[in-house]
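Everything below concerns the one structure shown next.
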Amino acid sequence: MIKLPRPHPQLKPKSAAILEELRHFESQNIVQTDADGRWPIVWQRAQGMKVWDADGAEYLDATAAFGVAAAGHANKSVVRAGRKQMGILLHAMGDVHPHAGKAALARRLSELTFGDPGLKGVPTGTGRGKTIFCNSGFEAVEAALKTACLATGKPDVIAFEGAYHGLGYGCLNATHRTFFRAPFESQLRGFAHFVPFPSTEDGAALSLEKITGLAKRHRVGALLFEPIQGRGGIRPPAKGFLSALRTLSTELGLLLVADEVYTGFGRTGDWFACQGEGIKPDIYCLGKALTGGFPMSACVGRAELMDHAWPLASGEAIHTSTFLGHPVGCAMALRQIGEIASRNLPKRARDLGNAAIAELRSVASNRPGVAAVRGRGLMIGVELQRRDTHGSSPIGMRVVKGLLNEGWIVLPEGEHAEVIAFTPPLIISKQQMKGFASSLARVLDRILSGLP
Ligand SMILES: Cc1ncc(COP(=O)(O)O)c(C=O)c1O
């Protein structure tokens with residue numbers, strides 16, 4: 001047995017020991033650890049809005065742990081459904097011998113995505129979706145990219161500057177940030193063309209023009225977009241842009257692929273952000289909040305499109321994986337969707353989100369350190385000025401750490417970590433939301449006045 005050096009005696013001895021173990025045995029690229037022991041915290045338990053660390057300190061989670069815990073951490077009925085399923089069937093044979101839960105979930109996803117009629121831009125004859133189950137958000141995007149390639153016979157994709165679609169070799173082509181791409185550029189095939197993600201009407205017109213030009217010059221099969229850019233800095237597009245995108249992609253014969261991995265399942269005030277814009281994409285990529293915590297994702301496309309793209313199975317699926325449509329994931333997803341529906345969490349996200357934006361804008365109004373507050377539902381970004389009052393260091397991470405010190409778990413988004421994301425579980429109370437705004441105000445005042 002390898003003996004580890006004893007961690008330095010600190011305020012949090014249990015957490016320190018675990019971090020020390022990770023430092024020795026996990027790739028050093030994963031977790032960044034501050035020498036003073038204040039970052040990161042080591043999660044021990046989570047319930048609802050609350051998280052406890054290994055040394056018993058309690059926090060409130062304003063991230064929903066990357067947007068996963070939409071119905072609250074360890075939602076009791078979701079956990080119960082997962083436990084029950086584990087006792088009955090822990091694993092099946094995804095593409096060979098299926099199980100009932102997979103069929104039930106595929107049907108439920110069809111109802112939620114393509115089932116409701118009357119939305120703009122849906123070619124007639126739709127109303128049903130077909131699913132490819134995957135394990136993680138990026139795989140759902142890759143399944144969508146494969147679908148588009150098969151359906152159109154065209155390999156290229158148009159994506160947006162600032163886009164984040166995950167880090168697998170397929171979707172990394174469409175993830176924009178150089179930080180993620182540069183180390184592997186030599187292994188990418190570069191089938192994506194990027195256009196600006198517009199926040200103004202003029203910008204929208206320019207992006208549409210560029211898309212038209214690219215579609216004419218290249219063999220483009222799909223247009224891939226996030227309805228609100230998440231990791232790019234909680235950026236909603238210009239008003240009406242997604243609707244124009246729907247119209248244009250139909251005109252140009254491009255498949256419209258919505259990456260709703262982050263925005264899906266109520267986060268933005270509708271089941272899916274596209275629905276809030278009154279449009280239907282041809283394919284949805286779903287993940288994160290789908291199960292509330294089990295690693296599972298889904299690529300859901302219009303039924304006719306999916307049948308056109310994918311050949312009938314003949315004993316060997318051309319796209320599958322060992323854990324495809326995992327029984328525990330399906331059971332949890334069905335229950336999680338049930339929870340989101342029965343508690344009307346999309347509406348709750350919309351109402352509380354409006355209140356939160358107002359509250360955070362009032363924090364911003366008399367503080368020069370805040371550049372903008374934006375978002376929809378409970379997907380809100382507080383964009384900070386990149387520099388502190390002395391014009392030197394970026395302040396995003398300092399605010400995130402200051403909030404952690406106040407008991408709030410938050411994440412920075414944006415290329416320069418300049419946006420504080422507020423994406424809590426959709427069950428957050430109004431009082432907790434107001435508490436977050438007060439903490440943010442306190443932390444900003446401390447940092448902007450030059451205090452450590
Ligand atoms: C919009 C979007 N797409 C895809 C992904 C990738 O998901 P995963 O990390 O589960 O692979 C993310 C992750 O943050 C995301 O925000």
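Lettering and numbering for the structure tokens are positional, with chains as A, B, ... in the shown order, residues counted from 1 in each chain, and ligands counted from 1 in the shown order.
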Protein and nucleic residues near ligand 1, 8 Å, only C-alpha atoms and all ligand atoms, as a PyMOL selection string: chain A and resi 66+135-141+163-168+226+229-231+259-263+285+287-288+295+297
Spatial neighbours of Leu208 in chain A, 8 Å, only C-alpha atoms, chain gap at least 4 places, as an NGL selection string: :A and (204 or 212 or 244-245 or 248)
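In terms of minimum interatomic distance to Gly377 in chain A, A:Pro424 ranks closest within A:Pro424, A:Gly48, A:Gly338, A:Gly278, counting only C-alpha atoms.
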Spatial neighbours of range 345-362 of chain A, 7 Å, only C-alpha atoms, chain gap at least 4 places, as a ChimeraX atom specification: /A:266-271,340-341,373,376-378,426,430,433,437
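Here the DSSP assignment of alpha helix (DSSP H), based on backbone atoms, applies within range 348-430 of chain A to Arg348, Ala349, Arg350, Asp351, Leu352, Gly353, Asn354, Ala355, Ala356, Ile357, Ala358, Glu359, Leu360, Arg361, Ser362, Val363, Ala364, Ser365, Gly396, Met397, Arg398, Val399, Val400, Lys401, Gly402, Leu403, Leu404, Asn405 and Lys430 of chain A.
Among the candidate residues A:Gly221, A:Gly240, A:Gly94, A:Gly127, the one lying nearest to Ala148 in chain A is A:Gly221, with distances computed using only C-alpha atoms.
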Selection near Val410 in chain A, 8 Å with only C-alpha atoms, sequence-local residues under 2 positions removed, as an MDAnalysis selection string: chainID A and resid 61:63 400 403:404 408 412 420:422
Residue neighbourhood Tyr284 in chain A, 7 Å, only C-alpha atoms, exclusion window fewer than 3 positions, as a ChimeraX atom specification: /A:257-260,281,299-301
Suppose we keep N, CA, C and O atoms; can you now write the selection as a tab-separated table (two decimals), in the first residue's frame?
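So the final result, stored in result-v4.tsv, reads:
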```tsv
chain	number	residue	atom	x	y	z
A	257	VAL	N	-30.16	21.79	-35.20
A	257	VAL	CA	-29.87	20.96	-34.02
A	257	VAL	C	-29.75	21.84	-32.79
A	257	VAL	O	-28.83	22.67	-32.70
A	258	ALA	N	-30.68	21.67	-31.84
A	258	ALA	CA	-30.64	22.48	-30.62
A	258	ALA	C	-29.92	21.71	-29.53
A	258	ALA	O	-30.36	20.63	-29.13
A	259	ASP	N	-28.83	22.27	-29.07
A	259	ASP	CA	-28.15	21.68	-27.92
A	259	ASP	C	-28.80	22.24	-26.67
A	259	ASP	O	-28.49	23.34	-26.22
A	260	GLU	N	-29.74	21.46	-26.13
A	260	GLU	CA	-30.47	21.89	-24.91
A	260	GLU	C	-29.97	21.11	-23.70
A	260	GLU	O	-30.70	20.87	-22.74
A	281	PRO	N	-36.70	22.66	-33.23
A	281	PRO	CA	-35.55	22.24	-34.02
A	281	PRO	C	-35.87	20.89	-34.66
A	281	PRO	O	-36.92	20.30	-34.40
A	299	CYS	N	-30.37	12.01	-27.63
A	299	CYS	CA	-30.50	12.76	-28.88
A	299	CYS	C	-31.89	12.41	-29.40
A	299	CYS	O	-32.17	11.24	-29.69
A	300	VAL	N	-32.77	13.42	-29.46
A	300	VAL	CA	-34.15	13.16	-29.90
A	300	VAL	C	-34.41	13.92	-31.20
A	300	VAL	O	-34.32	15.16	-31.22
A	301	GLY	N	-34.69	13.20	-32.25
A	301	GLY	CA	-34.94	13.84	-33.55
A	301	GLY	C	-36.35	13.58	-34.02
A	301	GLY	O	-37.03	12.66	-33.53
```
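Minimum atom-to-atom distances from A:Ala144, A:Leu150, A:Val220, A:Cys274 to Gly170 in chain A were compared using only C-alpha atoms, and the lowest value belongs to A:Ala144.
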Within 9 Å of Glu415 in chain A using only C-alpha atoms, minus same-chain residues under 6 positions, as a PyMOL selection string: chain A and resi 162+177+179+231-233
Separation of CA of Ala192 in chain A from CA of Phe225 in chain A, in Å and rounded to one decimal: 11.9 Å
Residue set, range 203-306 of chain A restricted to strand (DSSP E), as a ChimeraX atom specification: /A:220-225,255-259,283-286,297-302
Spatial neighbours of Lys216 in chain A, 12 Å, only C-alpha atoms, chain gap at least 4 places, as a VMD selection string: chain A and resid 156 158 209 to 212 220 to 221 251 to 254
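Checking A:Ile234, A:Met296, A:Met379, A:Leu223 one by one against Cys149 in chain A, counting only C-alpha atoms, you find the shortest gap at A:Leu223.
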